[in-house]
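Chemist: So that you have it, the file is my_file.cif, and it contains mmCIF, C-alpha atoms:
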data_model
loop_
_atom_site.label_atom_id
_atom_site.label_comp_id
_atom_site.auth_asym_id
_atom_site.auth_seq_id
_atom_site.Cartn_x
_atom_site.Cartn_y
_atom_site.Cartn_z
CA MET A 1 -25.61 51.16 -4.91
CA THR A 2 -27.78 52.64 -2.19
CA LEU A 3 -26.28 53.17 1.26
CA GLU A 4 -28.76 50.64 2.65
CA ARG A 5 -27.54 47.98 0.21
CA ALA A 6 -23.90 48.92 0.84
CA PHE A 7 -24.38 48.25 4.57
CA PHE A 8 -26.01 44.88 3.83
CA VAL A 9 -23.19 43.94 1.44
CA GLN A 10 -20.59 44.84 4.06
CA ALA A 11 -22.54 43.00 6.77
CA ARG A 12 -22.55 39.88 4.60
CA SER A 13 -18.81 40.14 4.12
CA ASP A 14 -18.32 40.43 7.90
CA LEU A 15 -20.63 37.46 8.42
CA GLU A 16 -18.67 35.39 5.91
CA ALA A 17 -15.51 36.16 7.89
CA ALA A 18 -17.21 35.08 11.13
CA ILE A 19 -18.45 31.82 9.57
CA ARG A 20 -14.97 31.02 8.20
CA LEU A 21 -13.40 31.78 11.58
CA GLU A 22 -15.86 29.42 13.31
CA ALA A 23 -14.35 26.59 11.29
CA SER A 24 -10.80 27.60 12.19
CA ARG A 25 -9.00 27.21 15.48
CA CYS A 26 -8.71 30.91 16.17
CA ASP A 27 -9.62 32.49 19.49
CA ASN A 28 -13.29 33.22 20.10
CA CYS A 29 -12.65 36.96 20.36
CA GLN A 30 -11.84 37.05 16.62
CA ILE A 31 -15.10 35.30 15.72
CA LEU A 32 -17.04 37.61 18.00
CA HIS A 33 -15.37 40.67 16.52
CA ALA A 34 -16.41 39.71 12.98
CA LEU A 35 -19.91 38.77 14.15
CA GLN A 36 -20.25 42.03 16.02
CA MET A 37 -19.41 43.92 12.81
CA ALA A 38 -22.02 41.90 10.90
CA VAL A 39 -24.72 42.64 13.50
CA GLU A 40 -23.91 46.34 13.61
CA LYS A 41 -23.95 46.79 9.84
CA THR A 42 -27.14 44.80 9.36
CA ALA A 43 -28.84 47.10 11.86
CA LYS A 44 -27.37 50.15 10.14
CA GLY A 45 -28.71 48.91 6.79
CA TYR A 46 -32.18 48.82 8.29
CA ALA A 47 -31.56 52.20 9.91
CA GLN A 48 -30.98 53.61 6.43
CA ARG A 49 -34.31 52.20 5.29
CA PHE A 50 -36.38 53.19 8.27
CA GLY A 51 -34.39 56.24 9.36
CA THR A 52 -35.75 56.03 12.82
CA PHE A 53 -32.76 55.76 15.13
CA ARG A 54 -29.21 56.93 15.59
CA THR A 55 -26.58 54.66 14.13
CA VAL A 56 -24.22 53.90 16.97
CA HIS A 57 -22.03 50.88 17.73
CA ASN A 58 -24.83 49.03 19.47
CA ALA A 59 -27.19 49.78 16.61
CA PHE A 60 -29.04 46.48 16.79
CA SER A 61 -29.85 46.57 20.49
CA THR A 62 -30.71 50.26 20.59
CA GLY A 63 -32.66 50.11 17.35
CA PHE A 64 -34.19 46.68 17.84
CA PRO A 65 -37.67 47.73 18.97
CA ARG A 66 -37.96 50.04 15.99
CA ILE A 67 -36.47 47.55 13.55
CA ARG A 68 -38.89 44.92 14.80
CA THR A 69 -41.91 47.20 14.57
CA ALA A 70 -40.97 48.34 11.07
CA LEU A 71 -40.25 44.83 9.79
CA LEU A 72 -43.41 43.38 11.28
CA ALA A 73 -45.50 46.11 9.67
CA ASP A 74 -44.11 45.40 6.21
CA ALA A 75 -45.90 42.48 4.53
CA SER A 76 -43.40 42.43 1.65
CA VAL A 77 -40.56 41.84 4.12
CA ARG A 78 -42.49 38.99 5.73
CA ARG A 79 -43.04 37.39 2.32
CA ARG A 80 -39.38 37.88 1.43
CA MET A 81 -38.28 36.29 4.69
CA GLY A 82 -40.59 33.31 4.12
CA LEU A 83 -42.80 33.98 7.15
CA VAL A 84 -46.24 35.38 6.41
CA SER A 85 -47.44 35.55 10.00
CA ARG A 86 -46.42 38.60 12.04
CA GLN A 87 -46.32 36.39 15.13
CA ASP A 88 -43.85 33.96 13.57
CA LEU A 89 -41.52 36.71 12.36
CA GLY A 90 -41.77 38.43 15.74
CA ARG A 91 -40.76 35.21 17.48
CA VAL A 92 -37.74 34.72 15.22
CA LEU A 93 -36.62 38.31 15.78
CA ARG A 94 -36.99 38.01 19.55
CA SER A 95 -35.04 34.74 19.55
CA VAL A 96 -31.83 36.45 18.38
CA GLU A 97 -32.20 39.70 20.33
CA ARG A 98 -30.38 38.45 23.43
CA THR A 99 -27.38 37.14 21.51
CA ALA A 100 -27.17 40.19 19.25
CA THR A 101 -27.21 42.43 22.32
CA ALA A 102 -24.55 40.29 24.03
CA VAL A 103 -22.32 40.41 20.94
CA GLU A 104 -22.72 44.17 20.57
CA SER A 105 -21.87 44.70 24.22
CA LEU A 106 -18.39 43.37 23.39
CA ASN A 107 -17.60 46.45 21.33
CA PRO A 108 -14.96 48.39 23.35
CA SER A 109 -16.98 51.60 23.01
CA VAL A 110 -20.01 49.88 24.49
CA ALA A 111 -18.23 47.70 27.08
CA GLY A 112 -16.32 50.51 28.73
CA ARG A 113 -12.90 50.22 30.36
CA ALA A 114 -13.61 47.61 33.03
CA ASN A 115 -15.67 45.06 31.11
CA ALA A 116 -14.88 42.30 28.64
CA ASN A 117 -14.62 43.28 25.00
CA CYS A 118 -13.34 41.41 21.96
CA GLU A 119 -10.56 43.79 20.84
CA TYR A 120 -8.47 45.36 23.61
CA PRO A 121 -7.08 44.27 27.00
CA TRP A 122 -9.04 45.58 29.96
CA THR A 123 -8.58 45.76 33.71
CA ASP A 124 -11.60 44.50 35.62
CA ALA A 125 -13.07 45.84 38.87
CA ALA A 126 -10.78 43.56 40.92
CA GLY A 127 -7.72 45.11 39.26
CA VAL A 128 -6.95 42.06 37.11
CA THR A 129 -5.82 42.84 33.56
CA ARG A 130 -7.21 40.46 30.94
CA SER A 131 -6.72 39.85 27.24
CA PRO A 132 -9.65 39.08 24.89
CA ALA A 133 -7.62 36.25 23.34
CA ARG A 134 -7.59 34.32 26.63
CA HIS A 135 -11.08 35.22 27.81
CA ARG A 136 -14.07 32.87 27.88
CA PHE A 137 -17.04 34.95 26.89
CA GLY A 138 -19.78 32.73 28.34
CA LYS A 139 -23.00 31.22 27.05
CA PRO A 140 -24.79 34.38 25.81
CA ALA A 141 -22.04 34.55 23.18
CA GLY A 142 -21.38 30.80 23.12
CA ARG A 143 -21.36 28.41 20.20
CA VAL A 144 -25.08 27.61 20.06
CA ALA A 145 -26.13 31.22 20.51
CA ARG A 146 -23.70 32.33 17.80
CA LEU A 147 -24.93 29.62 15.44
CA LYS A 148 -28.48 30.85 15.77
CA LEU A 149 -27.52 34.48 15.21
CA GLU A 150 -25.30 33.58 12.22
CA ARG A 151 -28.11 31.57 10.65
CA PHE A 152 -30.52 34.49 11.19
CA LEU A 153 -28.16 37.03 9.61
CA ASP A 154 -27.35 34.71 6.70
CA HIS A 155 -31.05 34.30 5.90
CA VAL A 156 -31.92 37.98 6.32
CA LEU A 157 -28.98 39.28 4.28
CA ALA A 158 -29.45 36.71 1.50
CA ARG A 159 -33.13 37.65 1.19
CA GLU A 160 -32.48 41.41 1.34
CA LEU A 161 -29.70 41.21 -1.25
CA ARG A 162 -31.47 38.49 -3.27
CA VAL A 163 -28.43 36.25 -3.27
CA GLN A 164 -27.73 32.69 -2.12
CA SER A 165 -26.97 31.69 1.43
CA LEU A 166 -23.27 31.85 2.29
CA LEU A 167 -23.54 28.15 3.15
CA ALA A 168 -25.15 27.02 -0.09
CA GLY A 169 -23.23 24.99 -2.65
CA MET B 1 -15.20 -17.07 38.68
CA SER B 2 -15.24 -13.32 38.99
CA LYS B 3 -16.75 -11.28 36.24
CA PRO B 4 -14.17 -9.87 33.84
CA ARG B 5 -13.60 -6.23 34.52
CA THR B 6 -14.72 -3.91 31.81
CA ALA B 7 -12.49 -0.95 31.19
CA ARG B 8 -14.46 2.16 32.05
CA PRO B 9 -13.39 5.51 30.74
CA SER B 10 -12.18 7.87 33.40
CA SER B 11 -13.83 11.24 33.70
CA THR B 12 -10.96 12.75 31.75
CA ALA B 13 -11.00 10.16 28.93
CA ARG B 14 -11.99 11.49 25.56
CA LEU B 15 -15.44 10.44 24.41
CA SER B 16 -16.05 8.95 20.95
CA VAL B 17 -17.42 11.15 18.16
CA ASP B 18 -20.85 9.63 18.69
CA GLU B 19 -20.78 10.11 22.47
CA GLU B 20 -19.61 13.66 22.15
CA ALA B 21 -22.28 14.38 19.50
CA HIS B 22 -24.97 13.19 21.91
CA ARG B 23 -23.56 15.28 24.74
CA LEU B 24 -23.37 18.34 22.48
CA ALA B 25 -26.93 17.82 21.22
CA ARG B 26 -28.23 17.59 24.79
CA ALA B 27 -26.25 20.65 25.86
CA SER B 28 -27.60 22.64 22.91
CA GLN B 29 -31.15 21.63 23.80
CA ALA B 30 -30.61 22.71 27.39
CA GLU B 31 -29.29 26.11 26.28
CA THR B 32 -31.91 26.70 23.59
CA PRO B 33 -35.53 26.12 24.62
CA SER B 34 -36.79 26.49 21.03
CA ILE B 35 -34.96 23.32 19.92
CA ARG B 36 -37.62 20.59 19.91
CA THR B 37 -35.59 17.64 18.69
CA SER B 38 -32.10 16.90 17.41
CA TYR B 39 -30.78 14.39 14.91
CA VAL B 40 -27.27 13.01 15.19
CA PHE B 41 -25.87 11.69 11.91
CA PRO B 42 -23.23 9.00 12.32
CA ASN B 43 -19.70 9.81 11.20
CA LYS B 44 -16.31 8.59 12.36
CA ARG B 45 -14.49 11.91 12.33
CA THR B 46 -17.01 14.75 12.48
CA ILE B 47 -19.92 15.56 14.76
CA ARG B 48 -22.99 16.10 12.59
CA ILE B 49 -26.19 17.41 14.14
CA VAL B 50 -29.43 18.88 12.81
CA HIS B 51 -31.52 20.69 15.41
CA ILE B 52 -35.25 21.24 14.81
CA ASP B 53 -35.84 24.78 16.03
CA GLU B 54 -39.19 26.59 16.08
CA ASP B 55 -37.58 30.02 15.95
CA VAL B 56 -35.71 29.90 12.65
CA PHE B 57 -36.78 30.94 9.18
CA PRO B 58 -38.23 28.09 7.09
CA GLY B 59 -37.17 27.12 3.60
CA ASP B 60 -33.40 27.19 3.86
CA GLY B 61 -32.91 23.43 4.13
CA VAL B 62 -30.00 21.81 5.91
CA LEU B 63 -27.14 24.30 5.68
CA PRO B 64 -24.55 23.14 8.20
CA PHE B 65 -22.19 25.55 9.91
CA ALA B 66 -18.70 24.16 10.48
CA PHE B 67 -17.06 24.55 13.88
CA ALA B 68 -13.50 23.75 14.85
CA PRO B 69 -12.86 21.57 17.92
CA ASP B 70 -12.88 23.56 21.15
CA PRO B 71 -11.40 21.45 23.97
CA SER B 72 -11.97 24.31 26.43
CA GLU B 73 -15.69 23.68 25.92
CA GLY B 74 -15.29 19.92 25.87
CA VAL B 75 -15.60 19.57 22.10
CA HIS B 76 -12.67 17.55 20.74
CA TYR B 77 -13.85 16.93 17.18
CA PRO B 78 -14.81 19.20 14.30
CA SER B 79 -18.55 19.65 14.05
CA GLN B 80 -21.14 20.50 11.43
CA ILE B 81 -24.38 21.78 12.87
CA ALA B 82 -27.58 22.93 11.19
CA LEU B 83 -30.79 24.47 12.48
CA ILE B 84 -33.96 23.86 10.50
CA HIS B 85 -37.62 24.77 10.86
CA PRO B 86 -40.02 22.03 12.04
CA SER B 87 -41.78 22.07 8.65
CA GLU B 88 -38.59 20.67 7.12
CA GLU B 89 -38.01 17.88 9.64
CA ARG B 90 -37.17 14.60 7.84
CA ARG B 91 -38.05 16.30 4.51
CA ALA B 92 -35.15 18.64 3.76
CA ALA B 93 -32.41 17.34 1.50
CA LEU B 94 -29.24 16.47 3.36
CA PRO B 95 -25.72 17.53 2.37
CA ARG B 96 -23.75 15.01 0.32
CA GLY B 97 -22.17 12.35 2.50
CA TRP B 98 -24.57 12.75 5.39
CA GLY B 99 -26.56 9.60 4.59
CA SER B 100 -30.32 9.55 5.07
CA TRP B 101 -32.67 10.80 7.76
CA ARG B 102 -33.25 7.14 8.62
CA SER B 103 -29.59 6.72 9.50
CA ALA B 104 -29.75 9.52 12.07
CA GLU B 105 -30.52 9.05 15.71
CA ARG B 106 -33.37 11.20 16.94
CA ILE B 107 -32.82 12.83 20.32
CA GLU B 108 -35.90 14.27 21.99
CA ARG B 109 -35.44 17.00 24.52
CA ARG B 110 -35.91 15.64 28.00
CA ASP B 111 -38.28 18.33 29.20
CA LYS B 112 -40.55 18.11 26.13
CA LYS B 113 -44.17 18.83 27.00
CA SER B 114 -46.67 16.20 25.94
CA ALA B 115 -49.14 17.31 23.30
#
Spit out the file's structure as structure tokens when you get a sec.
Modeler:
Amino acid sequence: MTLERAFFVQARSDLEAAIRLEASRCDNCQILHALQMAVEKTAKGYAQRFGTFRTVHNAFSTGFPRIRTALLADASVRRRMGLVSRQDLGRVLRSVERTATAVESLNPSVAGRANANCEYPWTDAAGVTRSPARHRFGKPAGRVARLKLERFLDHVLARELRVQSLLAG
Amino acid sequence: MSKPRTARPSSTARLSVDEEAHRLARASQAETPSIRTSYVFPNKRTIRIVHIDEDVFPGDGVLPFAFAPDPSEGVHYPSQIALIHPSEERRAALPRGWGSWRSAERIERRDKKSA
């Protein structure tokens, strides 16, 4: 297995966890944690292919312009994704950028000590200590935004790995 | 004779599945400008919505994501929600038990621009 494929396989496993958690009554921080892992590893899979940016925790947001440019330039990717037009693929990519960036910003390494993250308690600027399990993460990481990002990742990973959607059957 | 008083739900009363599905569809449209139209499929226990979204990949069909109730966000019933490309509107096969496209109620976004 290539390292690129290994990242996509792991990303799909993380995404499956996120999708299963959506249907459970667990706290949103757990869903966001799994989704954050899926986003990061999808971006790192593409980083292996294109080799154009450092693979850090916020790999999608930092690498997004390069991922987008590389994907748009590759006609075989566009065919595989089911969108022949560069404009259409560009629009779909842009539509998930905000949510992917919001989800990645919840990584403790990215969020820093005083901001919300989905793993560890933090103390905000007002001196109030908060737990991810009781935090409301807001609309950028809300249900509709997550749904759109999950659908995007499911499609991309299924096409890259040439497997069925996680939701099929 | 005075008109019989109709019981009106208080602001805290729980909405029916159908009412909550409509509210959720409208809220999703407000949050997501690329959703053109939504279809609410009737069901007594579960909210079922298909959104027609210009910014999703085509060809996947109706693949609903399941969400647990989230009373903190005003959603008291389980939901199954799908996003499909406009090219698949009223054409894509529906999951078993969802009925037909004809049985769904179409909800246009309120700020839709005229063609």
Chemist: With a cut-off of 7 Å and counting all atoms listed in the file, select all residues of chain B in contact with chain A and give the selection as JSON, numbers by chain.
Modeler: {"B": [28, 55, 56, 57, 58, 63, 66, 67, 68]}
Chemist: Step by step: start from the point (-26.1, 13.2, 18.6) in the file's coordinates, keep every protein, DNA or RNA residue that has an atom no farther than 10 Å from it, count all atoms listed in the file, and write the set as a PyMOL selection string.
Modeler: chain B and resi 17-26+38-42+47-51+104-107
Chemist: Would you compute the distance between CA of Ala75 (chain A) and CA of Arg159 (chain A)? Give it in Å to one decimal.
Modeler: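 Interatomic distance, CA of Ala75 (chain A) to CA of Arg159 (chain A): 14.1 Å.
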Chemist: If I take CA of Lys44 (chain A) and CA of Ala114 (chain A), how far is one from the other in Å, to one decimal?
Modeler: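 Computed distance, CA of Lys44 (chain A) to CA of Ala114 (chain A), equals 26.8 Å.
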Chemist: Determine the residue membership of the PyMOL selection byres ((chain A and resi 105) around 10) for the file above and supply it as a PyMOL selection string.
Modeler: chain A and resi 36+57-58+61+99-104+106-112+115-118
Chemist: Please evaluate the PyMOL selection byres ((chain B and resi 87) around 10) against the structure above and give the resulting residues as JSON, numbers by chain.
Modeler: {"B": [52, 53, 54, 58, 59, 84, 85, 86, 88, 89, 90, 91, 92]}
Chemist: Those residues you just picked out, can you put them in a file as a CSV table (one decimal), in the frame of the given file with C-alpha atoms?
Modeler:
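Result file part_3.csv:
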chain,number,residue,atom,x,y,z
B,52,ILE,CA,-35.2,21.2,14.8
B,53,ASP,CA,-35.8,24.8,16.0
B,54,GLU,CA,-39.2,26.6,16.1
B,58,PRO,CA,-38.2,28.1,7.1
B,59,GLY,CA,-37.2,27.1,3.6
B,84,ILE,CA,-34.0,23.9,10.5
B,85,HIS,CA,-37.6,24.8,10.9
B,86,PRO,CA,-40.0,22.0,12.0
B,88,GLU,CA,-38.6,20.7,7.1
B,89,GLU,CA,-38.0,17.9,9.6
B,90,ARG,CA,-37.2,14.6,7.8
B,91,ARG,CA,-38.0,16.3,4.5
B,92,ALA,CA,-35.2,18.6,3.8
Chemist: Out of A:Glu4, A:Val128, A:Pro121, A:His33, which residue has the shortest atom-to-atom distance to Ala141 (chain A) when counting all atoms listed in the file?
Modeler: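 Distance minimum relative to Ala141 (chain A) lands on A:His33.
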Chemist: Hey, what comes out of the PyMOL selection byres ((chain A and resi 39) around 8) on this file? Could you write it as a short mmCIF file (atom, residue, chain, number, x, y, z; two decimals) with C-alpha atoms, in the coordinates of the input?
Modeler:
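To be explicit, this is the file written out as out_3.cif:
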data_model
loop_
_atom_site.label_atom_id
_atom_site.label_comp_id
_atom_site.auth_asym_id
_atom_site.auth_seq_id
_atom_site.Cartn_x
_atom_site.Cartn_y
_atom_site.Cartn_z
CA ALA A 11 -22.54 43.00 6.77
CA LEU A 35 -19.91 38.77 14.15
CA GLN A 36 -20.25 42.03 16.02
CA MET A 37 -19.41 43.92 12.81
CA ALA A 38 -22.02 41.90 10.90
CA GLU A 40 -23.91 46.34 13.61
CA LYS A 41 -23.95 46.79 9.84
CA THR A 42 -27.14 44.80 9.36
CA ALA A 43 -28.84 47.10 11.86
CA PHE A 60 -29.04 46.48 16.79
CA ALA A 100 -27.17 40.19 19.25
CA GLU A 104 -22.72 44.17 20.57
CA LEU A 153 -28.16 37.03 9.61
#
Chemist: Nearest to Ala59 (chain A) among A:Leu71, A:Arg86, A:Gly45, A:Pro132, with distances taken over all atoms listed in the file: which residue is it?
Modeler: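 Checking each of A:Leu71, A:Arg86, A:Gly45, A:Pro132 against Ala59 (chain A), counting all atoms listed in the file, the winner is A:Gly45.
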Chemist: What box, with edges along x, y and z, holds each listed atom of region 19-23 of chain B when 3 Å is added on every side, and can you state its centre and edge lengths in Å to one decimal, as AutoDock Vina command-line options?
Modeler:
--center_x -22.3 --center_y 12.7 --center_z 22.1 --size_x 11.4 --size_y 11.2 --size_z 11.2
Chemist: Rounded to one decimal in Å, what is the spacing between CA of Ala47 (chain A) and CA of Arg66 (chain A)?
Modeler: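 Going from CA of Ala47 (chain A) over to CA of Arg66 (chain A) covers 9.1 Å.
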Chemist: List the spatial neighbours of Phe50 (chain A) as a ChimeraX atom specification - criterion: any atom at most 8 Å away, all atoms listed in the file, same-chain residues fewer than 4 positions off excluded.
Modeler: /A:46,67,70
Chemist: Nearest to Val77 (chain A): which of A:Glu119, A:Thr2, A:Leu157, A:Arg113 is it, counting all atoms listed in the file?
Modeler: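 Using all atoms listed in the file, Val77 (chain A) sits closest to A:Leu157.
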Chemist: Taking into account only C-alpha atoms, which residue in the set B:Pro78, B:Trp98, B:Leu83, B:Pro71 is nearest to Ser34 (chain B)?
Modeler: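 Counting only C-alpha atoms, the residue closest to Ser34 (chain B) is B:Leu83.
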Chemist: Find, counting all atoms listed in the file, the residue in B:Arg96, B:Arg45, B:Arg102, B:Arg110 that gets nearest to His76 (chain B).
Modeler: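 Of all the options, B:Arg45 lies closest to His76 (chain B).
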